[in-house]
Number of protein chains: 2
Amino acid sequence: MSEIVTSGGIIAGERIAVSESPTNFQAIEAETGLPLSGVFAEATPALIDQACRSAREAFAVMRRMPAERLGDLLATIADGMRNERVEIEHRCRAETGFLPQRVAGEFDRAVGQLELFADLARRRVWDDRQIDPADPERPGMPRPELRRRKIPVGPVAVFGACNFPLAISTAGNDTVAAFAVGCPVIVKSHPGHPGTCELIGRVIAEAVSSKNFPPGTFSLLHGRQPQTSCDLVAHPSIAAVGFTGSPAAGRALARVAADRDHPIPCFAELGSTNPVCVTDAAMQSRGDDISSGFVASLRFGNGQMCTKPGLVVMTTASARALGEKAATMLHEMDPLPLLNANVAKGFDRGTSRLEENEGVEILTPKPQPTATSTLGPYHRSARLYLLHANETTSWSELLHQETFGPVSLLVACDDEDAMLNVMSQFTGSLTATLHDQDGVDEAFQDAWLDIAMQFAGRIIHNGWPTGMEIGPATHHGGPFPASLDGRSTSVGYASLDRFVRPICFQNWRGFPHDHPSH
Amino acid sequence: MSEIVTSGGIIAGERIAVSESPTNFQAIEAETGLPLSGVFAEATPALIDQACRSAREAFAVMRRMPAERLGDLLATIADGMRNERVEIEHRCRAETGFLPQRVAGEFDRAVGQLELFADLARRRVWDDRQIDPADPERPGMPRPELRRRKIPVGPVAVFGACNFPLAISTAGNDTVAAFAVGCPVIVKSHPGHPGTCELIGRVIAEAVSSKNFPPGTFSLLHGRQPQTSCDLVAHPSIAAVGFTGSPAAGRALARVAADRDHPIPCFAELGSTNPVCVTDAAMQSRGDDISSGFVASLRFGNGQMCTKPGLVVMTTASARALGEKAATMLHEMDPLPLLNANVAKGFDRGTSRLEENEGVEILTPKPQPTATSTLGPYHRSARLYLLHANETTSWSELLHQETFGPVSLLVACDDEDAMLNVMSQFTGSLTATLHDQDGVDEAFQDAWLDIAMQFAGRIIHNGWPTGMEIGPATHHGGPFPASLDGRSTSVGYASLDRFVRPICFQNWRGFPHDHPSH
């Protein structure tokens, strides 16, 4: 039985009531575009300040906690999520329009991530220690002992993604990384799924309380106004920012972070078009597999994945072959709703912009108005475009403008050199993918790799960019616009490095103030 | 025999002539305040563009070079420095006013750093690799193999420090780290020591040529206008910035780096006051040693070290004892010149600001006008101040405003609690130091460490902050204002991490495009 989710946020364990206000807002059902039950109140400056001050107080306790307790907190949140699974998934489906299996899959991933990071927290994998021994006999000057370890930086402000309401949101990648190292978290809920954030926020607050963590360990703010997010990032108690979203919003928050009296790092995962190259030999030998793999990757999450294959670069013959097969498959699939009005608007803008380009062909049949009239306002049919690459093509916007939703552009090239030339126009992407054929494409592969390594964070061979493993070797980041700083990853073990800093002890005969568990 | 150093910069191996221009400038002799021989031309936008484009071209070659060759380049620069030692040291002494042994010590350190990084380059210590094996049998979905390695980011713009013309300048910490990983370097020379930069730049250009590196591997720009530095950072070919200098200049360049079409990271080491605490027990048992150690650390490089002990926090009794001993020692020492007019102005401003504070006592005798009349315009006597800490003291500016030169403030406290209270006002410092006594000060040490760990990057026990080891455990960075991002270090093995980014290979059966040397 779902309760009506109404909230003014959760500030250091306290659920804030909603009073009448013109800035109150409701969540929107993706399927219908109609308001869902429940009301959310925009966080006031006073509540933001209270959340941040409480987080700073909590940090004084958390930063000295045994690793075991940090792991327990994460494991308890995972248990709490499982207990509330039915209600969370129900609300999440309503707010996102995602298919049930998509939501269930992300739920499993989010809970798995919590449990994985509980283990990483207990093992303190982020604290790579280094000891440089003393040398009292060194000629000229005795060498002191140096020991370097890492410590958590302080309260982290988290801004989740619209397209991952579970795994990259309230209890998602940034939150698990911050808790694992001993940093309190203040989440600014995503206005596209505030109810999902609220339900998960309650689970976290309950875990914080039951595990006897200080109440400021976690707060959740609601809001739709950019100023609310800016106020959170600007608060002197905040030590770092984790953000996933659009380049414009990420850069705006990064500017606030940099312009503070005391600047702080802003880790932002932004936009990516994830080019895929397919050689003729690959297309000839397994064209059906590649076509169906492409369609599945493109349609996953209704095309709203940060690793969606947004461009496929091929020869003209291969592009025609892939285009025909993929368009036929896509045509048989029912339109699904996009996440919200913003995403739908972005889809319309992105597809219009493509269609305005001279020489762009639309391969998918135009949806008939009669067929779409019974659908909700955010439903969109898949679109597949083809553009013949030539020397006058203006690539920079085409290649880097990410459009959420089921749309992809096939770039048809005269030959392999032209394919490499298109690839060399990219400046940044989370991924780049190559489908090739053993024993045929070695020379092309070599040249392609050299180019892909210049702009991509993850390079995939004979696979698809969607679907990401969370492990020690994971890197989810890349040169701008993929990330603000391609050296950091927002997913995987190394994501922990964002919220710790090194500290060097000189001549202390040991690591002072070590944790009881070590 | 010193030649007259005149230069319009070294652009991709070419020494640029100087033509008549109102923006030409000369270096100033620190001892006299008079111009040194030779003229430098402000880099034009066209030269900056040429240097950056050449660097981008050079990167295409350098990023695939065997590690051995990168090591050779660094070792060859070290050899070239040694060959030109006499002339470089001569010019460096003239431009900085440093004592001969200070310049010789820094020369050894700079050459040692080049040789160390030649070794680190050959061993590719920065490329920590990670392999997550495939699991084709995983239920649900086969797990692909992931391999992560690191690659250089691209051309690095380097801005050296006024106070380390050899070790943190043209062939200094940022340059050696960039070359070691395969990044070209464009140095903007420091207007305080352009001749030293030019002589070292010629050594580097010669090494680049003799080792058959592409000419764009290294360029040197001269200039005094902030716009020249901004144009360099804004150039699309630049991938990262290494900066050491003032918070204002560092933040200005960081803003340019962040506001580019494609933002890039700016690694900036800024200001630090490096507090030292001395317990009563330590002062009583070894007051003479502590006093002479303090004076030596304060006077090292004439107080122009980023790790100068700018504040000493003690009880009133200990502060009086240290103040008396140190003032006596300082009084007997001859005034030395500061680096340049800017530093002298900063010293006067910083000491005036201290003297304007109610309750600040000056412990060193005021220098007599007759005694100073024969000295140059930048000579300053050492100043030691004492301030009694009380609840109305406004700490934030006192504690974080770094003043270069031989000046330090003794903060006299009623008791140990008051000492801890002062320490807890710091937000960021490169170092914090404690002098204590075994068997007496354990409780104080514990409380002190907990506070120091919140703001310092390196924490020293019974030693002095000046003098830094360059090793695997070195961390030279800290929360703002010590660094822009306290997670990075500008010195030591880990400084290499600034100029590489991770890249993840999925399903490639090996590390593709591996270097021949591996």
# chains A, B, ... in the order shown; residues from 1 in each chain; ligands from 1
call {"tool": "interface_residues", "arguments": {"of": "chain B", "to": "chain A", "cutoff": "8 Å", "atoms": "only C-alpha atoms", "output": "compact mmCIF listing (two decimals) with N, CA, C and O atoms, in the first residue's frame"}}
result
# COMPACT_ATOMS: atom_id res chain seq x y z
N GLN B 130 45.60 -2.08 -13.82
CA GLN B 130 44.61 -2.89 -13.11
C GLN B 130 43.93 -3.78 -14.13
O GLN B 130 43.50 -3.32 -15.18
N ILE B 131 43.82 -5.05 -13.81
CA ILE B 131 43.12 -5.99 -14.70
C ILE B 131 42.00 -6.67 -13.93
O ILE B 131 42.23 -7.30 -12.90
N ASP B 132 40.77 -6.52 -14.39
CA ASP B 132 39.63 -7.25 -13.83
C ASP B 132 39.30 -8.37 -14.83
O ASP B 132 38.82 -8.11 -15.93
N ARG B 143 30.70 -11.48 -17.84
CA ARG B 143 31.46 -10.29 -17.44
C ARG B 143 32.65 -10.12 -18.38
O ARG B 143 33.47 -11.02 -18.52
N LEU B 146 38.15 -6.14 -18.11
CA LEU B 146 38.48 -4.71 -18.09
C LEU B 146 39.95 -4.56 -17.72
O LEU B 146 40.43 -5.21 -16.79
N ARG B 147 40.63 -3.70 -18.46
CA ARG B 147 42.02 -3.37 -18.14
C ARG B 147 42.14 -1.86 -18.12
O ARG B 147 41.78 -1.19 -19.08
N ARG B 148 42.67 -1.35 -17.03
CA ARG B 148 42.85 0.10 -16.94
C ARG B 148 44.33 0.45 -16.89
O ARG B 148 45.09 -0.17 -16.14
N ARG B 255 40.38 30.21 -13.17
CA ARG B 255 39.10 30.65 -13.75
C ARG B 255 39.17 30.58 -15.28
O ARG B 255 38.22 30.14 -15.92
N ALA B 258 38.85 27.01 -16.26
CA ALA B 258 37.49 26.47 -16.08
C ALA B 258 36.51 27.04 -17.09
O ALA B 258 35.52 26.39 -17.41
N HIS B 262 36.51 23.93 -23.55
CA HIS B 262 36.81 22.64 -22.96
C HIS B 262 37.63 22.88 -21.71
O HIS B 262 38.84 23.11 -21.81
N PRO B 263 37.00 22.85 -20.55
CA PRO B 263 37.74 23.15 -19.32
C PRO B 263 38.87 22.15 -19.08
O PRO B 263 38.77 20.99 -19.48
N ILE B 264 39.93 22.62 -18.45
CA ILE B 264 41.07 21.76 -18.15
C ILE B 264 41.43 21.96 -16.68
O ILE B 264 41.10 22.98 -16.08
N PRO B 265 42.09 20.97 -16.07
CA PRO B 265 42.47 21.14 -14.66
C PRO B 265 43.64 22.11 -14.50
O PRO B 265 44.54 22.16 -15.34
N ASP B 446 47.68 14.11 21.02
CA ASP B 446 46.53 13.46 20.43
C ASP B 446 45.50 14.50 19.96
O ASP B 446 45.00 14.44 18.83
N LEU B 449 46.94 16.61 16.99
CA LEU B 449 46.96 15.90 15.71
C LEU B 449 45.58 15.89 15.07
O LEU B 449 45.44 16.08 13.85
N ASP B 450 44.57 15.68 15.89
CA ASP B 450 43.22 15.62 15.35
C ASP B 450 42.86 16.94 14.67
O ASP B 450 42.18 16.95 13.64
N MET B 453 45.26 17.52 11.36
CA MET B 453 44.87 16.69 10.21
C MET B 453 43.72 17.31 9.42
O MET B 453 43.47 16.92 8.28
N ALA B 456 46.08 20.48 7.36
CA ALA B 456 47.45 20.43 6.85
C ALA B 456 47.66 19.29 5.86
O ALA B 456 46.98 18.27 5.91
N GLY B 457 48.62 19.47 4.96
CA GLY B 457 48.98 18.43 4.02
C GLY B 457 50.15 17.58 4.50
O GLY B 457 50.26 16.40 4.15
N ARG B 458 51.03 18.18 5.29
CA ARG B 458 52.17 17.43 5.85
C ARG B 458 52.28 17.83 7.31
O ARG B 458 52.18 19.02 7.64
N ILE B 459 52.48 16.86 8.18
CA ILE B 459 52.49 17.10 9.61
C ILE B 459 53.82 16.61 10.18
O ILE B 459 54.15 15.42 10.06
N ILE B 460 54.56 17.54 10.76
CA ILE B 460 55.95 17.28 11.12
C ILE B 460 56.09 17.19 12.64
O ILE B 460 55.51 18.00 13.37
N HIS B 461 56.86 16.23 13.08
CA HIS B 461 57.06 16.02 14.51
C HIS B 461 58.50 16.36 14.88
O HIS B 461 59.44 15.79 14.31
N ASN B 462 58.66 17.28 15.81
CA ASN B 462 59.98 17.64 16.31
C ASN B 462 60.99 17.92 15.20
O ASN B 462 62.12 17.42 15.21
N GLY B 463 60.52 18.69 14.22
CA GLY B 463 61.39 19.10 13.12
C GLY B 463 60.92 20.45 12.62
O GLY B 463 60.21 21.16 13.34
N GLU B 469 61.57 16.36 1.48
CA GLU B 469 62.06 15.17 0.78
C GLU B 469 61.20 14.92 -0.45
O GLU B 469 59.98 15.11 -0.41
N GLY B 471 59.99 12.04 -2.48
CA GLY B 471 59.91 10.58 -2.52
C GLY B 471 58.52 10.10 -2.84
O GLY B 471 57.62 10.90 -3.15
N PRO B 472 58.31 8.78 -2.74
CA PRO B 472 56.98 8.22 -3.03
C PRO B 472 55.92 8.72 -2.05
O PRO B 472 54.76 8.85 -2.42
N ALA B 473 56.28 8.98 -0.80
CA ALA B 473 55.30 9.39 0.22
C ALA B 473 55.15 10.90 0.32
O ALA B 473 54.34 11.38 1.11
N THR B 474 55.92 11.65 -0.46
CA THR B 474 55.83 13.12 -0.39
C THR B 474 54.43 13.60 -0.73
O THR B 474 53.84 13.14 -1.71
N HIS B 475 53.94 14.53 0.08
CA HIS B 475 52.73 15.24 -0.31
C HIS B 475 52.93 16.73 -0.05
O HIS B 475 53.07 17.14 1.09
N PHE B 480 42.76 24.58 0.64
CA PHE B 480 42.92 26.00 0.32
C PHE B 480 43.11 26.80 1.60
O PHE B 480 42.43 26.54 2.57
N PRO B 481 44.02 27.78 1.64
CA PRO B 481 44.76 28.35 0.51
C PRO B 481 46.08 27.66 0.16
O PRO B 481 46.81 28.19 -0.68
N LEU B 484 44.81 24.70 -4.64
CA LEU B 484 43.43 24.83 -5.12
C LEU B 484 42.67 23.56 -4.82
O LEU B 484 41.48 23.59 -4.53
N ASP B 485 43.32 22.41 -4.93
CA ASP B 485 42.70 21.13 -4.61
C ASP B 485 43.72 20.31 -3.82
O ASP B 485 44.69 19.84 -4.38
N GLY B 486 43.47 20.16 -2.53
CA GLY B 486 44.44 19.53 -1.63
C GLY B 486 44.68 18.06 -1.93
O GLY B 486 45.56 17.45 -1.32
N ARG B 487 43.96 17.49 -2.89
CA ARG B 487 44.19 16.09 -3.22
C ARG B 487 45.45 15.91 -4.06
O ARG B 487 45.98 14.82 -4.16
N SER B 488 45.93 16.98 -4.70
CA SER B 488 47.08 16.84 -5.57
C SER B 488 48.34 17.34 -4.88
O SER B 488 48.29 18.19 -3.99
N VAL B 500 48.35 12.71 -16.10
CA VAL B 500 47.89 11.49 -16.78
C VAL B 500 46.41 11.28 -16.45
O VAL B 500 45.91 11.82 -15.47
N ARG B 501 45.75 10.52 -17.31
CA ARG B 501 44.37 10.16 -17.00
C ARG B 501 44.18 8.67 -17.25
O ARG B 501 44.88 8.09 -18.09
N PRO B 502 43.25 8.06 -16.51
CA PRO B 502 43.04 6.62 -16.72
C PRO B 502 42.26 6.37 -18.01
O PRO B 502 41.47 7.20 -18.46
N ILE B 503 42.47 5.21 -18.57
CA ILE B 503 41.71 4.78 -19.73
C ILE B 503 41.45 3.29 -19.53
O ILE B 503 42.30 2.55 -19.07
N CYS B 504 40.23 2.88 -19.83
CA CYS B 504 39.80 1.52 -19.52
C CYS B 504 39.52 0.78 -20.83
O CYS B 504 38.79 1.29 -21.69
N PHE B 505 40.15 -0.38 -20.99
CA PHE B 505 39.97 -1.18 -22.20
C PHE B 505 39.07 -2.36 -21.87
O PHE B 505 39.36 -3.14 -20.95
N GLN B 506 38.01 -2.50 -22.62
CA GLN B 506 37.05 -3.58 -22.36
C GLN B 506 37.16 -4.61 -23.47
O GLN B 506 36.92 -4.29 -24.64
N ASN B 507 37.56 -5.80 -23.09
CA ASN B 507 37.49 -6.94 -24.02
C ASN B 507 38.53 -6.87 -25.14
O ASN B 507 38.22 -7.23 -26.28
N TRP B 508 39.73 -6.41 -24.83
CA TRP B 508 40.76 -6.28 -25.87
C TRP B 508 41.83 -7.37 -25.81
O TRP B 508 42.79 -7.32 -26.56
N PRO B 512 46.07 -2.76 -25.42
CA PRO B 512 46.43 -2.40 -26.78
C PRO B 512 47.36 -1.19 -26.80
O PRO B 512 47.39 -0.42 -25.84
N HIS B 513 48.08 -1.06 -27.88
CA HIS B 513 48.96 0.09 -28.08
C HIS B 513 49.93 0.26 -26.93
O HIS B 513 50.16 1.36 -26.47
call {"tool": "residues_around", "arguments": {"residues": "segment 306-322 of chain A", "least_positions_apart": "5", "cutoff": "9 Å", "atoms": "only C-alpha atoms", "output": "number ranges by chain"}}
result
A: 163, 270-280, 283-284, 287-288, 290-291, 294, 297-300, 327, 386, 388, 399, 402-416, 418-420, 422-423, 429-433, 464-468
call {"tool": "closest_residue", "arguments": {"among": "B:Gly492, B:Gly359, B:Pro142, B:Gly216", "to": "Ala167 of chain B", "atoms": "only C-alpha atoms"}}
result
B:Gly492
call {"tool": "residues_around", "arguments": {"residues": "segment 171-173 of chain A", "least_positions_apart": "6", "cutoff": "9 Å", "atoms": "only C-alpha atoms", "output": "list in words"}}
result
Ile77, Ala78, Ala110, Val111, Gln113, Leu114, Gly160, Phe164, Pro165, Val187, Cys197, Ile200, Gly201, Ile204, Ser490, Val491, Gly492 and Ser495 of chain A
call {"tool": "select_by_dssp", "arguments": {"residues": "segment 201-388 of chain B", "states": "helix (DSSP H, G or I)", "output": "NGL selection string"}}
result
:B and (201-210 or 215-217 or 226-234 or 247-259 or 280-303 or 316-331 or 341-356 or 369-372)
call {"tool": "select_by_dssp", "arguments": {"residues": "segment 8-171 of chain A", "states": "strand (DSSP E or B)", "output": "NGL selection string"}}
result
:A and (10-11 or 14-15 or 25 or 28 or 35 or 40 or 130-132 or 135 or 143 or 146-152 or 156-159)
call {"tool": "write_last_selection", "arguments": {"atoms": "N, CA and C atoms", "output": "mmCIF file, in the first residue's frame"}}
result
data_model
loop_
_atom_site.group_PDB
_atom_site.id
_atom_site.type_symbol
_atom_site.label_atom_id
_atom_site.label_comp_id
_atom_site.auth_asym_id
_atom_site.auth_seq_id
_atom_site.Cartn_x
_atom_site.Cartn_y
_atom_site.Cartn_z
ATOM 1 N N ILE A 10 14.549 15.997 4.411
ATOM 2 C CA ILE A 10 14.960 15.298 5.631
ATOM 3 C C ILE A 10 16.251 15.965 6.081
ATOM 4 N N ILE A 11 16.155 16.710 7.172
ATOM 5 C CA ILE A 11 17.324 17.474 7.611
ATOM 6 C C ILE A 11 17.891 16.837 8.872
ATOM 7 N N GLU A 14 15.501 14.662 10.658
ATOM 8 C CA GLU A 14 14.162 15.188 10.903
ATOM 9 C C GLU A 14 13.397 15.349 9.592
ATOM 10 N N ARG A 15 12.199 14.764 9.555
ATOM 11 C CA ARG A 15 11.374 14.915 8.346
ATOM 12 C C ARG A 15 10.641 16.251 8.433
ATOM 13 N N PHE A 25 6.072 22.014 -5.185
ATOM 14 C CA PHE A 25 5.896 21.381 -6.505
ATOM 15 C C PHE A 25 5.530 19.910 -6.346
ATOM 16 N N ILE A 28 5.819 14.466 -11.515
ATOM 17 C CA ILE A 28 4.979 14.245 -12.687
ATOM 18 C C ILE A 28 5.101 12.780 -13.122
ATOM 19 N N PRO A 35 0.297 15.223 -12.608
ATOM 20 C CA PRO A 35 0.954 15.236 -11.299
ATOM 21 C C PRO A 35 0.675 13.949 -10.522
ATOM 22 N N PHE A 40 6.138 18.554 -2.637
ATOM 23 C CA PHE A 40 7.509 18.770 -2.161
ATOM 24 C C PHE A 40 7.765 20.260 -2.010
ATOM 25 N N GLN A 130 51.834 4.622 2.080
ATOM 26 C CA GLN A 130 53.195 4.646 1.547
ATOM 27 C C GLN A 130 54.126 5.022 2.686
ATOM 28 N N ILE A 131 55.206 4.265 2.855
ATOM 29 C CA ILE A 131 56.200 4.580 3.884
ATOM 30 C C ILE A 131 57.560 4.752 3.224
ATOM 31 N N ASP A 132 58.161 5.916 3.376
ATOM 32 C CA ASP A 132 59.543 6.155 2.941
ATOM 33 C C ASP A 132 60.414 6.132 4.198
ATOM 34 N N ASP A 135 66.566 7.795 6.885
ATOM 35 C CA ASP A 135 67.972 7.465 6.657
ATOM 36 C C ASP A 135 68.808 8.439 7.479
ATOM 37 N N ARG A 143 67.752 11.880 6.571
ATOM 38 C CA ARG A 143 66.450 11.839 5.905
ATOM 39 C C ARG A 143 65.404 11.394 6.916
ATOM 40 N N LEU A 146 58.923 9.443 6.182
ATOM 41 C CA LEU A 146 57.653 9.994 5.693
ATOM 42 C C LEU A 146 56.643 8.859 5.563
ATOM 43 N N ARG A 147 55.445 9.108 6.039
ATOM 44 C CA ARG A 147 54.355 8.143 5.864
ATOM 45 C C ARG A 147 53.158 8.889 5.312
ATOM 46 N N ARG A 148 52.626 8.390 4.219
ATOM 47 C CA ARG A 148 51.451 9.040 3.640
ATOM 48 C C ARG A 148 50.244 8.113 3.720
ATOM 49 N N ARG A 149 49.155 8.643 4.206
ATOM 50 C CA ARG A 149 47.892 7.911 4.140
ATOM 51 C C ARG A 149 46.830 8.864 3.620
ATOM 52 N N LYS A 150 45.575 8.422 3.602
ATOM 53 C CA LYS A 150 44.515 9.292 3.108
ATOM 54 C C LYS A 150 43.448 9.485 4.170
ATOM 55 N N ILE A 151 42.786 10.627 4.095
ATOM 56 C CA ILE A 151 41.708 10.922 5.036
ATOM 57 C C ILE A 151 40.525 11.504 4.259
ATOM 58 N N PRO A 152 39.314 11.337 4.809
ATOM 59 C CA PRO A 152 38.131 11.887 4.122
ATOM 60 C C PRO A 152 38.162 13.406 4.137
ATOM 61 N N VAL A 156 29.903 15.992 1.625
ATOM 62 C CA VAL A 156 29.807 15.966 0.166
ATOM 63 C C VAL A 156 28.381 16.314 -0.264
ATOM 64 N N ALA A 157 28.253 17.242 -1.198
ATOM 65 C CA ALA A 157 26.949 17.567 -1.800
ATOM 66 C C ALA A 157 26.761 16.705 -3.036
ATOM 67 N N VAL A 158 25.615 16.013 -3.105
ATOM 68 C CA VAL A 158 25.374 15.053 -4.188
ATOM 69 C C VAL A 158 24.179 15.488 -5.040
ATOM 70 N N PHE A 159 24.401 15.502 -6.357
ATOM 71 C CA PHE A 159 23.343 15.810 -7.323
ATOM 72 C C PHE A 159 23.234 14.627 -8.278
#
call {"tool": "residues_around", "arguments": {"residues": "Glu89 of chain B", "least_positions_apart": "5", "cutoff": "9 Å", "atoms": "only C-alpha atoms", "output": "PyMOL selection string"}}
result
chain B and resi 84+94+100+103-104+107+196
call {"tool": "closest_residue", "arguments": {"among": "B:Leu232, B:Leu338, B:Ala55, B:Ile88", "to": "Gly303 of chain B", "atoms": "only C-alpha atoms"}}
result
B:Leu338
call {"tool": "closest_residue", "arguments": {"among": "A:Ser7, A:Thr217, A:Asn421, A:Ser396", "to": "Phe179 of chain A", "atoms": "only C-alpha atoms"}}
result
A:Thr217
call {"tool": "closest_residue", "arguments": {"among": "A:Cys266, A:Ala27, A:Met333, A:Ala248", "to": "Ala234 of chain A", "atoms": "only C-alpha atoms"}}
result
A:Cys266
call {"tool": "residues_around", "arguments": {"residues": "Gly97 of chain B", "least_positions_apart": "6", "cutoff": "12 Å", "atoms": "only C-alpha atoms", "output": "PyMOL selection string"}}
result
chain B and resi 28-33+89-91+103+162-163+165+192-193+301-302+304+335-341+376-379
call {"tool": "atom_distance", "arguments": {"atom1": "atom CA of Pro226 of chain B", "atom2": "atom CA of Arg202 of chain B"}}
result
23.9 Å
